[in-house]
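Asks: Structure provided below as structure tokens; questions to follow.
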2 protein chains.
Amino acid sequence: MSSSPAFKLPTVADVVAARARIKDYAVVTPLVESPLLNERLGGRLFAKAEVLQRTGSFKFRGAYNRLAELTPDERRRGVITYSSGNYAQGIAAAAKLLGIPAVILMPADAPRIKLDNTRAHGAEVLPYDRHTESREAMGERIGRERGLVLVKPYDEIAVVAGQGTAGLELIEQAKARGAKLDAVLAPCGGGGLVAGCAIAVAAESPGTEMFAVEPEGFDDTRRSLEKGSPVPNAPGAQSFCDALLMGIPGDLTFAVNSKLVTRGIAVSDDAVRTAMAVAFNEFKLVVEPSGSVALAAVLSGAVPIRNRTVAVVLSGGNVDPGTFRDALARAG
Amino acid sequence: MSSSPAFKLPTVADVVAARARIKDYAVVTPLVESPLLNERLGGRLFAKAEVLQRTGSFKFRGAYNRLAELTPDERRRGVITYSSGNYAQGIAAAAKLLGIPAVILMPADAPRIKLDNTRAHGAEVLPYDRHTESREAMGERIGRERGLVLVKPYDEIAVVAGQGTAGLELIEQAKARGAKLDAVLAPCGGGGLVAGCAIAVAAESPGTEMFAVEPEGFDDTRRSLEKGSPVPNAPGAQSFCDALLMGIPGDLTFAVNSKLVTRGIAVSDDAVRTAMAVAFNEFKLVVEPSGSVALAAVLSGAVPIRNRTVAVVLSGGNVDPGTFRDALARAG
């Protein structure tokens, strides 16, 4: 039996307000397409190049929007969060712009570029073992001990609204080119990007379907949407999509996504490598594994594109050179 | 003794007219920057992402502008050109949009992606041996035999004016962000991009220095500018910058560049590999070797950037995966 959630949900007004708040610092990323790829697909494929966003992923949008709403007292105290690395960089960069101290829990095995850049933005990085430690519990405890404000990576209204600005831009950019979108696909970890985009799509492009894409073995959102309530992933799965290894949908994001998302899609690491190579060849963009899953879903036929117009979010480009080289070498 | 050239030179009015002519098909490419890289350099570095241009390089601009001025009779006859691969794709794509048959002479050892994409755009590709055959003589002969209009890759007013639209956009985009440019650097093969940008810079951003960047051993423009008249490269040099292996400056481009360019700069293939890795890490862009030489010049200190604002054109991204992987692996 489903009931109304006990908390307020973000609205398109929150997304519009977020856009105004982040506009001096966030990049309005281009919506790219490749005529040759369109010809091969028999349809029109747009890609929202969030790899060109400040810090190399969409995460800066939600991070800045969240920190901008802190009170002067909270700003002085500083913030703590946990992240596999893209939200980490987003928070670190936003905190630096706003003059806020930031402490960030990151998996010790996060990609080197994510660890290095988070530190380069001036944040204090505390590594943890993602196989044996609970980052949520650590974040709560250290935040309490050090008097820091805990900001979550996706399950907050300001974060979802900030990520939704990518969707709002995407819709407007497609309209400006005379295109009517049949579907939008976005990568899904905790579900913040998908939720934000789904809100924008539902309000500004009704009739466009919204899909959440996850790596195989980490398709908790796909299965939760099917079941109608949050279910966790089985332990032991592996994927090189390091930003999408969350165990269960967020409460807030699932409340949004269960209303607005058509369905979830799971893609294999092999399909992701192919998508990375296509983004390299056709779009000239460096896309990290997690950032490529939505493109992988379209290329593998999970959502039809023939005689249709489909948009994917290329959500991030923070990938170590070795991982990228290996993906290009092994791409099908 | 220098004298006025015997031919008309392109003006900024030609560049402005070109922009209007190409605007429905060419991409207004973004001017990107990286806050972390700026911090490390101690200055502000803009990169004009022409890798995101239609066909993956700036060449589409000049190609479309050139073909758009053909008469109906010339269009029916079709065109022939020669190119190491980026102008080839630009002409092939422009010809297809305009319904013009195109024949293109390309080096047999051009990157696979350039050969494949030129054919995919519907052009007829005739391979030649760039060590033993003269593409200019072949182009003249085949054009005469088959009644095709010869369009040159850089030494034509319409081509230079089209390439200059990249410079015009760059200047306007920098101004829109409140930046005053101290210097603009662009890759130099035949010199069309540099000439077009130099015209735009001289007219719209006086006081900004313009530099032409070439691979070591192919620095004919650098030496010609020093000498004051066109001098060829010595035979036998090697570089993996496959788009910049021209032997001597064009007559038209040299006439422009000798008036407007501050000086030429030569960079090593090692410096280019480093620049490709920096574009990968900091800009998330796939840049081909030839497209990276201007960035290489800044990173290697050939033009000072500390406390200054400098822009480079990342002119193309058509690189085979193997070449790119190797460059990332060997980057310093």
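Ligands are numbered from 1 in the order shown, residues from 1 within each chain, and chains are lettered A, B, ... in the order they appear in the structure tokens.
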Can you superpose chain A onto chain B by least squares over all C-alpha atoms paired in order and give the moved copy as a CSV table (one decimal) with C-alpha atoms, in the first residue's frame?

Replies:
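Final output, saved to part-v4.csv:
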```csv
chain,number,residue,atom,x,y,z
A,1,MET,CA,62.1,44.5,-50.9
A,2,SER,CA,58.5,43.9,-49.9
A,3,SER,CA,55.6,45.0,-52.2
A,4,SER,CA,51.8,44.8,-52.0
A,5,PRO,CA,50.5,41.4,-53.0
A,6,ALA,CA,49.0,41.1,-56.4
A,7,PHE,CA,45.7,39.8,-55.0
A,8,LYS,CA,42.9,40.9,-52.8
A,9,LEU,CA,43.2,40.0,-49.1
A,10,PRO,CA,40.3,38.9,-46.9
A,11,THR,CA,38.9,41.5,-44.4
A,12,VAL,CA,36.9,41.3,-41.2
A,13,ALA,CA,33.8,42.1,-43.3
A,14,ASP,CA,34.5,38.8,-45.1
A,15,VAL,CA,34.6,37.0,-41.7
A,16,VAL,CA,31.4,38.6,-40.6
A,17,ALA,CA,29.7,37.6,-43.9
A,18,ALA,CA,31.0,34.1,-43.5
A,19,ARG,CA,29.5,33.8,-40.1
A,20,ALA,CA,26.1,34.7,-41.5
A,21,ARG,CA,26.5,32.1,-44.3
A,22,ILE,CA,27.5,29.2,-42.1
A,23,LYS,CA,25.3,29.9,-39.1
A,24,ASP,CA,22.6,27.2,-39.8
A,25,TYR,CA,25.1,24.4,-40.0
A,26,ALA,CA,28.3,25.3,-38.1
A,27,VAL,CA,28.4,24.9,-34.3
A,28,VAL,CA,29.1,27.9,-32.1
A,29,THR,CA,31.7,26.0,-30.1
A,30,PRO,CA,32.2,26.7,-26.4
A,31,LEU,CA,35.2,28.6,-25.0
A,32,VAL,CA,36.2,26.3,-22.1
A,33,GLU,CA,38.5,26.9,-19.1
A,34,SER,CA,39.6,24.9,-16.0
A,35,PRO,CA,39.7,26.8,-12.7
A,36,LEU,CA,42.3,24.2,-11.3
A,37,LEU,CA,44.5,24.6,-14.4
A,38,ASN,CA,44.2,28.4,-14.2
A,39,GLU,CA,45.4,28.2,-10.6
A,40,ARG,CA,48.4,26.0,-11.6
A,41,LEU,CA,49.3,28.4,-14.4
A,42,GLY,CA,48.8,31.5,-12.4
A,43,GLY,CA,46.8,33.0,-15.2
A,44,ARG,CA,43.6,32.5,-17.2
A,45,LEU,CA,43.6,30.1,-20.1
A,46,PHE,CA,40.7,29.8,-22.5
A,47,ALA,CA,40.4,27.0,-25.0
A,48,LYS,CA,38.2,27.3,-28.1
A,49,ALA,CA,36.8,23.8,-28.4
A,50,GLU,CA,36.7,23.3,-32.2
A,51,VAL,CA,36.8,19.6,-31.6
A,52,LEU,CA,33.1,20.1,-31.0
A,53,GLN,CA,32.6,21.6,-34.5
A,54,ARG,CA,30.7,19.7,-37.1
A,55,THR,CA,33.1,17.1,-38.6
A,56,GLY,CA,35.3,17.4,-35.5
A,57,SER,CA,37.5,20.3,-36.6
A,58,PHE,CA,37.3,24.0,-37.5
A,59,LYS,CA,37.7,23.1,-41.2
A,60,PHE,CA,33.9,22.8,-41.8
A,61,ARG,CA,33.7,26.6,-41.3
A,62,GLY,CA,35.9,27.5,-44.3
A,63,ALA,CA,34.7,24.6,-46.4
A,64,TYR,CA,31.0,25.4,-46.2
A,65,ASN,CA,31.7,29.1,-46.7
A,66,ARG,CA,33.7,28.3,-49.8
A,67,LEU,CA,31.2,25.9,-51.4
A,68,ALA,CA,28.3,28.3,-50.6
A,69,GLU,CA,29.7,30.8,-53.0
A,70,LEU,CA,29.8,28.4,-56.0
A,71,THR,CA,27.5,29.2,-58.9
A,72,PRO,CA,24.7,26.8,-59.8
A,73,ASP,CA,26.7,25.6,-62.8
A,74,GLU,CA,29.8,25.0,-60.6
A,75,ARG,CA,27.7,23.1,-58.1
A,76,ARG,CA,26.4,20.8,-60.8
A,77,ARG,CA,30.0,20.1,-62.0
A,78,GLY,CA,31.2,19.2,-58.5
A,79,VAL,CA,34.4,20.0,-56.7
A,80,ILE,CA,37.8,18.5,-56.1
A,81,THR,CA,40.2,19.3,-53.3
A,82,TYR,CA,43.2,17.8,-51.4
A,83,SER,CA,43.6,17.5,-47.7
A,84,SER,CA,45.3,15.5,-45.0
A,85,GLY,CA,41.8,14.8,-43.6
A,86,ASN,CA,40.1,17.5,-41.7
A,87,TYR,CA,39.4,19.8,-44.7
A,88,ALA,CA,38.4,16.6,-46.5
A,89,GLN,CA,35.7,16.0,-44.0
A,90,GLY,CA,34.7,19.6,-43.9
A,91,ILE,CA,34.3,19.7,-47.7
A,92,ALA,CA,32.6,16.3,-47.8
A,93,ALA,CA,30.0,17.4,-45.2
A,94,ALA,CA,29.4,20.8,-46.7
A,95,ALA,CA,29.1,19.3,-50.2
A,96,LYS,CA,26.6,16.8,-49.0
A,97,LEU,CA,24.5,19.6,-47.3
A,98,LEU,CA,24.6,21.6,-50.6
A,99,GLY,CA,24.1,18.6,-52.9
A,100,ILE,CA,27.4,19.0,-54.6
A,101,PRO,CA,29.5,16.0,-55.8
A,102,ALA,CA,33.0,16.0,-54.1
A,103,VAL,CA,36.3,14.3,-55.0
A,104,ILE,CA,39.0,14.5,-52.4
A,105,LEU,CA,42.7,13.6,-52.6
A,106,MET,CA,43.9,12.2,-49.3
A,107,PRO,CA,47.3,10.8,-48.2
A,108,ALA,CA,47.0,7.0,-48.1
A,109,ASP,CA,48.5,7.1,-44.6
A,110,ALA,CA,46.0,9.6,-43.2
A,111,PRO,CA,44.4,8.6,-39.9
A,112,ARG,CA,41.7,5.9,-40.4
A,113,ILE,CA,39.0,8.1,-38.8
A,114,LYS,CA,39.6,10.8,-41.3
A,115,LEU,CA,39.5,8.5,-44.3
A,116,ASP,CA,36.4,6.7,-43.0
A,117,ASN,CA,34.4,9.8,-42.1
A,118,THR,CA,35.2,11.6,-45.4
A,119,ARG,CA,33.8,8.6,-47.2
A,120,ALA,CA,30.9,8.4,-44.8
A,121,HIS,CA,29.9,11.9,-45.7
A,122,GLY,CA,29.6,10.7,-49.3
A,123,ALA,CA,32.7,12.0,-50.9
A,124,GLU,CA,34.9,10.1,-53.4
A,125,VAL,CA,38.3,9.6,-51.8
A,126,LEU,CA,41.4,9.2,-54.0
A,127,PRO,CA,44.4,8.2,-52.0
A,128,TYR,CA,47.9,9.4,-52.9
A,129,ASP,CA,51.4,8.9,-51.6
A,130,ARG,CA,52.4,12.1,-49.9
A,131,HIS,CA,56.1,11.2,-50.1
A,132,THR,CA,56.2,10.9,-53.9
A,133,GLU,CA,53.2,12.6,-55.4
A,134,SER,CA,52.2,16.2,-55.7
A,135,ARG,CA,48.7,16.7,-54.6
A,136,GLU,CA,48.5,20.1,-56.1
A,137,ALA,CA,49.4,18.8,-59.6
A,138,MET,CA,47.1,15.8,-59.2
A,139,GLY,CA,44.2,18.1,-58.1
A,140,GLU,CA,44.7,20.4,-61.2
A,141,ARG,CA,45.0,17.4,-63.6
A,142,ILE,CA,42.0,15.4,-62.3
A,143,GLY,CA,39.9,18.5,-61.9
A,144,ARG,CA,40.6,19.4,-65.6
A,145,GLU,CA,39.9,15.9,-66.8
A,146,ARG,CA,36.7,15.5,-64.9
A,147,GLY,CA,35.4,19.1,-65.2
A,148,LEU,CA,35.5,19.6,-61.4
A,149,VAL,CA,36.1,23.0,-59.6
A,150,LEU,CA,39.3,23.0,-57.7
A,151,VAL,CA,38.8,24.4,-54.1
A,152,LYS,CA,42.0,24.8,-52.2
A,153,PRO,CA,42.3,24.0,-48.5
A,154,TYR,CA,43.6,27.4,-47.2
A,155,ASP,CA,44.8,29.7,-49.9
A,156,GLU,CA,41.4,31.2,-50.8
A,157,ILE,CA,39.6,34.2,-49.4
A,158,ALA,CA,36.4,32.4,-48.6
A,159,VAL,CA,38.3,29.6,-46.8
A,160,VAL,CA,40.3,32.1,-44.6
A,161,ALA,CA,37.2,34.1,-43.9
A,162,GLY,CA,35.3,31.0,-42.8
A,163,GLN,CA,38.1,29.9,-40.5
A,164,GLY,CA,38.2,33.4,-39.1
A,165,THR,CA,34.7,32.9,-37.7
A,166,ALA,CA,36.3,30.7,-35.0
A,167,GLY,CA,38.4,33.7,-34.0
A,168,LEU,CA,35.5,36.1,-34.0
A,169,GLU,CA,33.5,33.8,-31.7
A,170,LEU,CA,36.4,33.4,-29.4
A,171,ILE,CA,36.9,37.1,-29.0
A,172,GLU,CA,33.2,37.7,-28.3
A,173,GLN,CA,33.0,34.8,-25.9
A,174,ALA,CA,36.0,36.1,-23.9
A,175,LYS,CA,34.6,39.6,-23.8
A,176,ALA,CA,31.2,38.2,-22.6
A,177,ARG,CA,33.1,36.8,-19.6
A,178,GLY,CA,34.8,40.1,-18.9
A,179,ALA,CA,38.2,39.0,-20.1
A,180,LYS,CA,40.7,41.0,-22.0
A,181,LEU,CA,42.9,38.7,-24.2
A,182,ASP,CA,46.6,39.2,-24.1
A,183,ALA,CA,47.3,36.6,-26.7
A,184,VAL,CA,45.6,34.1,-29.0
A,185,LEU,CA,47.5,31.1,-30.3
A,186,ALA,CA,46.3,28.8,-33.2
A,187,PRO,CA,47.7,25.8,-34.9
A,188,CYS,CA,49.3,26.5,-38.3
A,189,GLY,CA,49.6,24.2,-41.3
A,190,GLY,CA,48.9,26.2,-44.5
A,191,GLY,CA,48.0,29.1,-42.3
A,192,GLY,CA,44.3,29.6,-43.0
A,193,LEU,CA,43.1,29.3,-39.4
A,194,VAL,CA,45.8,31.6,-38.2
A,195,ALA,CA,45.1,34.2,-40.9
A,196,GLY,CA,41.4,34.1,-40.3
A,197,CYS,CA,41.8,34.5,-36.5
A,198,ALA,CA,44.5,37.2,-37.0
A,199,ILE,CA,42.0,39.2,-39.1
A,200,ALA,CA,39.3,38.9,-36.4
A,201,VAL,CA,41.8,39.7,-33.6
A,202,ALA,CA,43.2,42.8,-35.4
A,203,ALA,CA,39.8,44.2,-36.0
A,204,GLU,CA,37.9,43.2,-32.8
A,205,SER,CA,40.6,42.9,-30.2
A,206,PRO,CA,43.5,45.3,-31.0
A,207,GLY,CA,46.4,44.9,-28.7
A,208,THR,CA,45.9,41.2,-28.5
A,209,GLU,CA,49.0,39.3,-29.9
A,210,MET,CA,48.4,36.5,-32.4
A,211,PHE,CA,50.8,33.5,-32.6
A,212,ALA,CA,51.1,30.7,-35.2
A,213,VAL,CA,52.1,27.3,-33.7
A,214,GLU,CA,53.7,24.5,-35.8
A,215,PRO,CA,55.4,21.2,-35.1
A,216,GLU,CA,59.2,21.2,-35.0
A,217,GLY,CA,60.6,20.5,-38.4
A,218,PHE,CA,57.5,21.9,-40.0
A,219,ASP,CA,57.9,25.5,-38.8
A,220,ASP,CA,58.0,27.0,-42.3
A,221,THR,CA,55.6,29.8,-41.2
A,222,ARG,CA,57.8,30.6,-38.2
A,223,ARG,CA,60.9,30.9,-40.3
A,224,SER,CA,59.1,32.6,-43.1
A,225,LEU,CA,57.8,35.3,-40.7
A,226,GLU,CA,61.3,35.8,-39.4
A,227,LYS,CA,62.8,36.1,-42.9
A,228,GLY,CA,60.0,38.2,-44.4
A,229,SER,CA,59.3,35.8,-47.3
A,230,PRO,CA,58.1,32.2,-47.7
A,231,VAL,CA,60.7,29.6,-47.1
A,232,PRO,CA,60.1,25.8,-47.4
A,233,ASN,CA,60.7,23.1,-44.8
A,234,ALA,CA,63.8,21.0,-45.1
A,235,PRO,CA,62.9,17.5,-46.3
A,236,GLY,CA,63.0,14.5,-43.9
A,237,ALA,CA,61.4,15.9,-40.8
A,238,GLN,CA,58.9,13.7,-38.9
A,239,SER,CA,55.9,14.6,-36.6
A,240,PHE,CA,52.7,12.8,-35.6
A,241,CYS,CA,50.9,16.1,-36.2
A,242,ASP,CA,49.4,14.7,-39.4
A,243,ALA,CA,47.4,17.8,-40.3
A,244,LEU,CA,50.3,20.3,-40.1
A,245,LEU,CA,52.9,18.8,-42.5
A,246,MET,CA,52.6,21.4,-45.2
A,247,GLY,CA,55.8,22.4,-46.9
A,248,ILE,CA,55.6,26.1,-47.3
A,249,PRO,CA,53.1,28.9,-46.3
A,250,GLY,CA,50.3,29.7,-48.8
A,251,ASP,CA,50.7,32.9,-50.8
A,252,LEU,CA,47.5,34.4,-49.5
A,253,THR,CA,47.9,33.2,-45.9
A,254,PHE,CA,51.4,34.4,-45.7
A,255,ALA,CA,50.4,37.8,-47.1
A,256,VAL,CA,47.9,38.1,-44.2
A,257,ASN,CA,50.1,36.5,-41.5
A,258,SER,CA,53.2,38.5,-42.3
A,259,LYS,CA,51.2,41.6,-41.5
A,260,LEU,CA,49.2,40.5,-38.5
A,261,VAL,CA,51.0,37.7,-36.6
A,262,THR,CA,53.4,38.5,-33.9
A,263,ARG,CA,55.6,35.4,-34.5
A,264,GLY,CA,55.7,31.7,-35.0
A,265,ILE,CA,56.4,29.1,-32.4
A,266,ALA,CA,57.6,25.5,-32.9
A,267,VAL,CA,56.7,22.7,-30.5
A,268,SER,CA,58.0,19.1,-30.1
A,269,ASP,CA,55.9,16.0,-30.4
A,270,ASP,CA,56.6,15.4,-26.7
A,271,ALA,CA,55.1,18.7,-25.8
A,272,VAL,CA,52.1,17.9,-27.9
A,273,ARG,CA,51.5,14.6,-26.1
A,274,THR,CA,51.6,16.5,-22.8
A,275,ALA,CA,49.1,18.9,-24.1
A,276,MET,CA,46.8,16.1,-25.3
A,277,ALA,CA,46.9,14.6,-21.7
A,278,VAL,CA,46.2,18.1,-20.2
A,279,ALA,CA,43.2,18.5,-22.5
A,280,PHE,CA,42.0,15.0,-21.5
A,281,ASN,CA,42.4,15.7,-17.8
A,282,GLU,CA,41.4,19.3,-17.5
A,283,PHE,CA,39.0,19.9,-20.4
A,284,LYS,CA,37.6,16.4,-20.9
A,285,LEU,CA,38.2,16.9,-24.6
A,286,VAL,CA,39.6,14.6,-27.2
A,287,VAL,CA,42.1,16.7,-29.2
A,288,GLU,CA,44.2,15.3,-32.0
A,289,PRO,CA,47.9,15.9,-32.1
A,290,SER,CA,47.7,18.8,-34.6
A,291,GLY,CA,44.9,20.3,-32.6
A,292,SER,CA,47.0,20.4,-29.5
A,293,VAL,CA,50.0,22.4,-30.7
A,294,ALA,CA,48.8,25.8,-29.5
A,295,LEU,CA,48.0,24.4,-26.0
A,296,ALA,CA,51.5,22.8,-26.1
A,297,ALA,CA,53.1,26.2,-26.8
A,298,VAL,CA,51.4,27.8,-23.7
A,299,LEU,CA,52.2,24.8,-21.4
A,300,SER,CA,55.8,24.8,-22.5
A,301,GLY,CA,56.2,28.5,-21.6
A,302,ALA,CA,56.7,29.8,-25.2
A,303,VAL,CA,54.1,32.6,-24.4
A,304,PRO,CA,53.9,33.9,-20.9
A,305,ILE,CA,50.6,33.3,-19.1
A,306,ARG,CA,51.3,34.3,-15.5
A,307,ASN,CA,48.9,37.1,-14.5
A,308,ARG,CA,47.7,37.2,-18.1
A,309,THR,CA,44.8,35.9,-20.2
A,310,VAL,CA,45.6,33.7,-23.1
A,311,ALA,CA,43.4,31.8,-25.5
A,312,VAL,CA,44.3,28.7,-27.6
A,313,VAL,CA,42.3,27.1,-30.4
A,314,LEU,CA,41.9,23.3,-30.0
A,315,SER,CA,41.4,23.0,-33.7
A,316,GLY,CA,40.5,19.3,-34.2
A,317,GLY,CA,39.7,16.0,-32.5
A,318,ASN,CA,40.0,13.4,-35.3
A,319,VAL,CA,42.5,11.0,-33.8
A,320,ASP,CA,42.5,7.2,-34.0
A,321,PRO,CA,42.0,5.5,-30.6
A,322,GLY,CA,45.5,3.8,-30.8
A,323,THR,CA,47.3,7.1,-31.4
A,324,PHE,CA,45.4,8.7,-28.5
A,325,ARG,CA,46.0,5.8,-26.1
A,326,ASP,CA,49.7,5.9,-27.0
A,327,ALA,CA,49.9,9.7,-26.5
A,328,LEU,CA,48.2,9.4,-23.0
A,329,ALA,CA,50.6,6.5,-22.1
A,330,ARG,CA,53.7,8.5,-23.1
A,331,ALA,CA,52.6,11.9,-21.9
A,332,GLY,CA,55.1,13.6,-19.6
```

Asks: Let's see if you can do this: from backbone DSSP, list all helix (DSSP H, G or I) residues in region 48-176 of chain A, as a ChimeraX atom specification.

Replies: /A:50-52,54-56,59-68,72-77,86-98,112-120,135-146,157-176

Asks: Could you pull out all residues of region 87-250 of chain A with a DSSP call of strand (DSSP E) and give them as a list in words?

Replies: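 Here are the strand (DSSP E) residues of region 87-250 of chain A: Ala102, Val103, Ile104, Leu105, Met106, Pro107, Glu124, Val125, Leu126, Pro127, Tyr128, Val149, Leu150, Ala183, Val184, Leu185, Ala186, Pro187, Glu209, Met210, Phe211, Ala212, Val213, Glu214 and Pro215 of chain A.
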